[in-house]
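For reference, coords_26.pdb is printed below; it contains PDB, C-alpha atoms.
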ATOM      1  CA  MET A   1     274.413-154.492 170.060
ATOM      2  CA  LYS A   2     276.973-151.715 169.748
ATOM      3  CA  ARG A   3     276.062-148.356 171.283
ATOM      4  CA  ILE A   4     276.873-144.972 169.737
ATOM      5  CA  LEU A   5     276.652-141.578 171.416
ATOM      6  CA  VAL A   6     275.840-138.755 168.959
ATOM      7  CA  VAL A   7     276.438-135.162 170.092
ATOM      8  CA  ASP A   8     275.075-132.319 167.936
ATOM      9  CA  ASP A   9     273.153-129.137 168.733
ATOM     10  CA  ASP A  10     271.299-129.311 165.388
ATOM     11  CA  ARG A  11     268.140-131.350 166.071
ATOM     12  CA  ILE A  12     267.502-132.057 162.393
ATOM     13  CA  SER A  13     271.005-133.463 161.882
ATOM     14  CA  LEU A  14     270.653-135.404 165.118
ATOM     15  CA  THR A  15     267.352-136.941 164.037
ATOM     16  CA  VAL A  16     268.559-137.877 160.549
ATOM     17  CA  LEU A  17     271.824-139.373 161.788
ATOM     18  CA  THR A  18     270.091-141.282 164.580
ATOM     19  CA  GLY A  19     267.598-142.779 162.131
ATOM     20  CA  TYR A  20     270.365-143.923 159.798
ATOM     21  CA  LEU A  21     272.453-145.480 162.573
ATOM     22  CA  GLU A  22     269.483-147.299 164.067
ATOM     23  CA  LYS A  23     268.694-148.778 160.657
ATOM     24  CA  GLN A  24     272.284-150.075 160.623
ATOM     25  CA  GLY A  25     271.617-151.943 163.847
ATOM     26  CA  TYR A  26     273.204-149.616 166.404
ATOM     27  CA  VAL A  27     271.697-148.447 169.670
ATOM     28  CA  VAL A  28     271.930-144.639 169.608
ATOM     29  CA  GLU A  29     271.897-142.122 172.453
ATOM     30  CA  ASN A  30     271.573-138.415 171.652
ATOM     31  CA  ALA A  31     272.950-135.307 173.311
ATOM     32  CA  GLU A  32     272.279-131.745 172.136
ATOM     33  CA  SER A  33     275.366-130.239 173.777
ATOM     34  CA  ALA A  34     278.872-131.227 174.785
ATOM     35  CA  GLU A  35     277.903-130.922 178.438
ATOM     36  CA  GLU A  36     275.020-133.364 177.919
ATOM     37  CA  GLY A  37     277.390-135.624 176.027
ATOM     38  CA  LEU A  38     279.856-135.782 178.927
ATOM     39  CA  ALA A  39     277.048-136.568 181.350
ATOM     40  CA  ALA A  40     275.641-139.290 179.086
ATOM     41  CA  PHE A  41     279.084-140.825 178.615
ATOM     42  CA  ALA A  42     279.788-140.844 182.351
ATOM     43  CA  LYS A  43     276.452-142.533 183.044
ATOM     44  CA  ASN A  44     276.801-145.246 180.405
ATOM     45  CA  PRO A  45     279.976-145.246 178.238
ATOM     46  CA  PRO A  46     279.195-146.120 174.589
ATOM     47  CA  ASP A  47     281.264-148.111 172.106
ATOM     48  CA  LEU A  48     281.823-145.068 169.877
ATOM     49  CA  VAL A  49     281.237-141.299 169.934
ATOM     50  CA  ILE A  50     280.229-139.056 167.018
ATOM     51  CA  SER A  51     280.337-135.313 167.615
ATOM     52  CA  ASP A  52     279.836-132.026 165.816
ATOM     53  CA  VAL A  53     282.522-129.363 166.315
ATOM     54  CA  MET A  54     280.629-126.067 166.286
ATOM     55  CA  MET A  55     278.320-126.061 169.314
ATOM     56  CA  PRO A  56     277.377-123.290 171.766
ATOM     57  CA  GLY A  57     279.127-123.343 175.109
ATOM     58  CA  MET A  58     281.681-126.147 175.069
ATOM     59  CA  ASP A  59     282.579-126.910 171.458
ATOM     60  CA  GLY A  60     283.400-130.322 170.031
ATOM     61  CA  PHE A  61     287.165-129.909 170.392
ATOM     62  CA  GLU A  62     286.888-129.202 174.113
ATOM     63  CA  PHE A  63     284.351-132.016 174.459
ATOM     64  CA  CYS A  64     286.812-134.478 172.908
ATOM     65  CA  ARG A  65     289.684-133.247 175.069
ATOM     66  CA  SER A  66     287.559-133.485 178.227
ATOM     67  CA  LEU A  67     286.467-136.993 177.297
ATOM     68  CA  ARG A  68     290.043-138.118 176.660
ATOM     69  CA  ALA A  69     291.035-136.802 180.096
ATOM     70  CA  THR A  70     288.886-139.506 181.743
ATOM     71  CA  ARG A  71     290.035-143.109 182.104
ATOM     72  CA  GLU A  72     286.850-144.474 180.535
ATOM     73  CA  GLY A  73     287.136-142.071 177.591
ATOM     74  CA  GLN A  74     290.764-142.646 176.678
ATOM     75  CA  LEU A  75     290.260-145.462 174.194
ATOM     76  CA  VAL A  76     286.691-145.063 172.943
ATOM     77  CA  PRO A  77     286.618-144.414 169.159
ATOM     78  CA  PHE A  78     285.758-140.766 168.440
ATOM     79  CA  ILE A  79     284.643-139.323 165.081
ATOM     80  CA  PHE A  80     284.084-135.657 164.300
ATOM     81  CA  LEU A  81     281.387-134.633 161.802
ATOM     82  CA  SER A  82     281.945-130.997 160.906
ATOM     83  CA  ALA A  83     281.445-128.298 158.301
ATOM     84  CA  LEU A  84     284.844-126.876 159.276
ATOM     85  CA  PHE A  85     286.900-127.949 156.280
ATOM     86  CA  GLU A  86     290.210-126.107 156.757
ATOM     87  CA  LEU A  87     293.320-128.247 157.253
ATOM     88  CA  ASP A  88     294.044-126.516 160.576
ATOM     89  CA  ASP A  89     290.594-127.523 161.849
ATOM     90  CA  ARG A  90     291.119-131.147 160.885
ATOM     91  CA  ILE A  91     294.573-131.190 162.467
ATOM     92  CA  GLU A  92     293.214-129.665 165.677
ATOM     93  CA  GLY A  93     290.521-132.324 165.767
ATOM     94  CA  HIS A  94     293.137-135.073 165.629
ATOM     95  CA  LEU A  95     295.347-133.337 168.189
ATOM     96  CA  MET A  96     292.387-133.141 170.588
ATOM     97  CA  GLY A  97     292.210-136.937 170.423
ATOM     98  CA  ALA A  98     289.754-137.723 167.602
ATOM     99  CA  ASP A  99     290.282-140.890 165.609
ATOM    100  CA  ASP A 100     288.637-139.567 162.442
ATOM    101  CA  TYR A 101     287.237-136.347 160.985
ATOM    102  CA  LEU A 102     284.488-136.410 158.365
ATOM    103  CA  LEU A 103     283.364-133.268 156.542
ATOM    104  CA  LYS A 104     279.713-132.272 156.156
ATOM    105  CA  PRO A 105     277.914-132.968 153.906
ATOM    106  CA  PHE A 106     278.947-136.627 153.904
ATOM    107  CA  HIS A 107     277.652-139.811 152.336
ATOM    108  CA  PRO A 108     276.038-142.143 154.907
ATOM    109  CA  ARG A 109     277.893-145.142 153.467
ATOM    110  CA  GLU A 110     281.230-143.430 154.098
ATOM    111  CA  LEU A 111     280.258-142.720 157.692
ATOM    112  CA  GLY A 112     279.136-146.325 158.082
ATOM    113  CA  ALA A 113     282.478-147.571 156.787
ATOM    114  CA  LYS A 114     284.392-145.288 159.144
ATOM    115  CA  ILE A 115     282.330-146.468 162.112
ATOM    116  CA  GLU A 116     282.934-150.111 161.285
ATOM    117  CA  ALA A 117     286.652-149.453 160.789
ATOM    118  CA  GLN A 118     286.940-147.715 164.155
ATOM    119  CA  MET A 119     284.981-150.457 165.937
ATOM    120  CA  GLU A 120     287.290-153.109 164.472
ATOM    121  CA  ARG A 121     290.367-150.999 165.234
ATOM    122  CA  SER A 122     289.231-150.638 168.855
ATOM    123  CA  ARG A 123     288.759-154.393 169.174
ATOM    124  CA  ARG A 124     292.193-155.115 167.746
ATOM    125  CA  ILE A 125     293.897-152.510 169.936
ATOM    126  CA  HIS A 126     292.427-153.999 173.089
ATOM    127  CA  ALA A 127     293.272-157.535 171.994
ATOM    128  CA  GLU A 128     296.874-156.596 171.151
ATOM    129  CA  ILE A 129     297.478-154.674 174.367
ATOM    130  CA  VAL A 130     295.973-157.453 176.474
ATOM    131  CA  ARG A 131     298.136-159.995 174.615
ATOM    132  CA  SER A 132     301.253-157.895 175.183
ATOM    133  CA  ILE A 133     300.522-157.487 178.877
ATOM    134  CA  GLU A 134     299.780-161.196 179.317
ATOM    135  CA  GLN A 135     303.114-162.074 177.676
ATOM    136  CA  SER A 136     305.048-159.649 179.878
ATOM    137  CA  PRO A 137     307.452-161.420 182.248
ATOM    138  CA  THR A 138     305.870-159.550 185.160
ATOM    139  CA  VAL A 139     302.657-161.562 184.752
ATOM    140  CA  GLU A 140     302.753-164.767 186.791
ATOM    141  CA  ALA A 141     301.681-167.820 184.823
ATOM    142  CA  GLN A 142     300.013-169.347 187.899
ATOM    143  CA  GLN A 143     297.495-166.532 188.180
ATOM    144  CA  PRO A 144     294.899-165.575 185.576
ATOM    145  CA  PRO A 145     295.554-162.006 184.429
ATOM    146  CA  ALA A 146     293.164-159.409 185.756
ATOM    147  CA  PRO A 147     291.530-157.071 183.230
ATOM    148  CA  PRO A 148     294.300-154.539 182.571
ATOM    149  CA  ILE A 149     293.952-150.874 183.473
ATOM    150  CA  LEU A 150     295.713-149.397 180.477
ATOM    151  CA  PRO A 151     298.298-146.805 181.535
ATOM    152  CA  LEU A 152     298.601-145.196 178.096
ATOM    153  CA  THR A 153     297.576-141.655 177.236
ATOM    154  CA  PRO A 154     295.353-141.187 174.152
ATOM    155  CA  ALA A 155     298.343-140.016 172.115
ATOM    156  CA  GLU A 156     300.451-143.003 173.209
ATOM    157  CA  GLU A 157     297.610-145.398 172.365
ATOM    158  CA  ARG A 158     297.349-144.035 168.823
ATOM    159  CA  VAL A 159     301.114-144.235 168.273
ATOM    160  CA  PHE A 160     301.176-147.795 169.654
ATOM    161  CA  TRP A 161     298.451-148.871 167.248
ATOM    162  CA  GLU A 162     300.309-147.472 164.253
ATOM    163  CA  ALA A 163     303.550-149.108 165.397
ATOM    164  CA  ILE A 164     302.066-152.593 165.685
ATOM    165  CA  GLN A 165     300.903-152.231 162.077
ATOM    166  CA  GLY A 166     304.581-152.204 161.107
ATOM    167  CA  LEU A 167     304.789-148.509 160.185
ATOM    168  CA  THR A 168     308.058-146.588 160.455
ATOM    169  CA  ASN A 169     308.482-143.572 162.713
ATOM    170  CA  LYS A 170     308.325-141.312 159.651
ATOM    171  CA  GLN A 171     305.095-142.920 158.455
ATOM    172  CA  ILE A 172     303.571-142.622 161.929
ATOM    173  CA  SER A 173     304.565-138.969 162.172
ATOM    174  CA  ASP A 174     303.003-138.246 158.779
ATOM    175  CA  ARG A 175     299.730-139.962 159.708
ATOM    176  CA  LEU A 176     299.425-138.368 163.163
ATOM    177  CA  PHE A 177     300.876-134.914 162.366
ATOM    178  CA  ILE A 178     303.733-135.212 164.882
ATOM    179  CA  SER A 179     307.521-135.275 164.492
ATOM    180  CA  PRO A 180     309.496-138.556 164.256
ATOM    181  CA  ARG A 181     311.360-137.516 167.427
ATOM    182  CA  LYS A 182     308.011-137.221 169.222
ATOM    183  CA  VAL A 183     307.072-140.692 167.954
ATOM    184  CA  GLU A 184     310.304-142.076 169.446
ATOM    185  CA  SER A 185     309.511-140.421 172.770
ATOM    186  CA  TYR A 186     305.980-141.869 172.793
ATOM    187  CA  MET A 187     307.234-145.365 171.967
ATOM    188  CA  SER A 188     309.808-145.215 174.751
ATOM    189  CA  ASN A 189     307.068-144.254 177.224
ATOM    190  CA  ILE A 190     304.746-146.982 175.933
ATOM    191  CA  PHE A 191     307.219-149.822 176.279
ATOM    192  CA  ASN A 192     308.364-148.622 179.695
ATOM    193  CA  LYS A 193     304.766-148.455 180.922
ATOM    194  CA  LEU A 194     303.871-151.896 179.540
ATOM    195  CA  ASN A 195     307.208-153.394 180.622
ATOM    196  CA  LEU A 196     307.877-154.746 177.143
ATOM    197  CA  GLU A 197     311.104-155.388 175.288
ATOM    198  CA  LYS A 198     312.866-152.448 173.687
ATOM    199  CA  TYR A 199     311.081-151.312 170.535
ATOM    200  CA  GLN A 200     312.949-151.524 167.247
ATOM    201  CA  PRO A 201     311.101-149.545 164.523
ATOM    202  CA  PRO A 202     311.164-150.893 160.953
ATOM    203  CA  THR A 203     313.651-149.219 158.656
ATOM    204  CA  GLU A 204     312.584-146.880 155.880
ATOM    205  CA  LYS A 205     312.371-148.486 152.464
ATOM    206  CA  LEU A 206     314.181-146.585 149.735
TER     207      LEU A 206
END

Could you write out this file's structure as structure tokens?
Amino acid sequence: MKRILVVDDDRISLTVLTGYLEKQGYVVENAESAEEGLAAFAKNPPDLVISDVMMPGMDGFEFCRSLRATREGQLVPFIFLSALFELDDRIEGHLMGADDYLLKPFHPRELGAKIEAQMERSRRIHAEIVRSIEQSPTVEAQQPPAPPILPLTPAEERVFWEAIQGLTNKQISDRLFISPRKVESYMSNIFNKLNLEKYQPPTEKL
């Protein structure tokens, strides 16, 4: 069963959300602060993290950034649930490393769909990166490949995922709120790190 870590200082929200997720078949662990969330993650990394933004002490943005700074937390799907609705808040959430940002109040079915989408996305990312590494000429055919330690930063991982969907640099920059030049820089780093062939982005369609 998939495990979800929910971090929120509001006990009522935590209880309601936990009940809903458990009914959907997930195993849920709760944390009432970002500090508790980091400790819980370090002890037993979940398959997905859901976090509030406004919390006393370390807020959700700093929690996400701290999580992404760890090797185990680089690729775990991360969803913000927040009452902060301004565009700048949503952009900051993505820049901190979040995969999605859902505004409160939200419909449980929408959250469920986003969780399923992120779980599937995570599975496909891992499968694609493992496939790419296994096909690299540096991997000897006589030896079974060891589980790869992914050398990508969270930002590089997100750009790589968008690229393997066939998106152009402009489309990637629009989706991730970064410049096309930054996308090119990330892709160069990614293919150097994974020792893959030179990346040729698809051309823009007029």

| said: For this structure, which residues satisfy the selection - the PyMOL selection byres ((chain A and resi 187) around 10) - when it is evaluated on the file as given? I want them as a PyMOL selection string. | reply: chain A and resi 156-157+159-160+163+169+181-186+188-193+198-201

| said: Please list as a PyMOL selection string every residue within 8 Å of Gln118 in chain A, counting only C-alpha atoms and excluding residues in the same chain fewer than 4 positions away. | reply: chain A and resi 77+99+114+122

| message | Taking only C-alpha atoms into account, name the residue in A:Phe106, A:Trp161, A:Phe177, A:Tyr20 that is nearest to Leu75 in chain A. | response |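 Residue with the minimum atom-to-atom distance to Leu75 in chain A: A:Trp161.
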
| message | Applying the PyMOL selection byres ((chain A and resi 175) around 12) to the file I just gave you, which residues come out? Please list them as a list in words. | response | Ile91, His94, Leu95, Asp99, Asp100, Arg158, Val159, Trp161, Glu162, Ala163, Leu167, Thr168, Asn169, Lys170, Gln171, Ile172, Ser173, Asp174, Leu176, Phe177, Ile178, Ser179, Pro180 and Val183 of chain A

Selection export as a PDB file, keeping the file's coordinate frame, atoms kept: C-alpha atoms:
ATOM      1  CA  ILE A  91     294.573-131.190 162.467  1.00  0.00           C
ATOM      2  CA  HIS A  94     293.137-135.073 165.629  1.00  0.00           C
ATOM      3  CA  LEU A  95     295.347-133.337 168.189  1.00  0.00           C
ATOM      4  CA  ASP A  99     290.282-140.890 165.609  1.00  0.00           C
ATOM      5  CA  ASP A 100     288.637-139.567 162.442  1.00  0.00           C
ATOM      6  CA  ARG A 158     297.349-144.035 168.823  1.00  0.00           C
ATOM      7  CA  VAL A 159     301.114-144.235 168.273  1.00  0.00           C
ATOM      8  CA  TRP A 161     298.451-148.871 167.248  1.00  0.00           C
ATOM      9  CA  GLU A 162     300.309-147.472 164.253  1.00  0.00           C
ATOM     10  CA  ALA A 163     303.550-149.108 165.397  1.00  0.00           C
ATOM     11  CA  LEU A 167     304.789-148.509 160.185  1.00  0.00           C
ATOM     12  CA  THR A 168     308.058-146.588 160.455  1.00  0.00           C
ATOM     13  CA  ASN A 169     308.482-143.572 162.713  1.00  0.00           C
ATOM     14  CA  LYS A 170     308.325-141.312 159.651  1.00  0.00           C
ATOM     15  CA  GLN A 171     305.095-142.920 158.455  1.00  0.00           C
ATOM     16  CA  ILE A 172     303.571-142.622 161.929  1.00  0.00           C
ATOM     17  CA  SER A 173     304.565-138.969 162.172  1.00  0.00           C
ATOM     18  CA  ASP A 174     303.003-138.246 158.779  1.00  0.00           C
ATOM     19  CA  LEU A 176     299.425-138.368 163.163  1.00  0.00           C
ATOM     20  CA  PHE A 177     300.876-134.914 162.366  1.00  0.00           C
ATOM     21  CA  ILE A 178     303.733-135.212 164.882  1.00  0.00           C
ATOM     22  CA  SER A 179     307.521-135.275 164.492  1.00  0.00           C
ATOM     23  CA  PRO A 180     309.496-138.556 164.256  1.00  0.00           C
ATOM     24  CA  VAL A 183     307.072-140.692 167.954  1.00  0.00           C
TER      25      VAL A 183
END

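You will find CA of Gly60 in chain A at 14.4 Å from CA of Phe85 in chain A.
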
Take every atom of range 69-85 of chain A listed in the file, pad by 6 Å on each side, and give me the axis-aligned box centre and edge lengths in Å, one decimal, as AutoDock Vina command-line options.
--center_x 286.2 --center_y -136.2 --center_z 169.2 --size_x 21.6 --size_y 30.6 --size_z 37.8
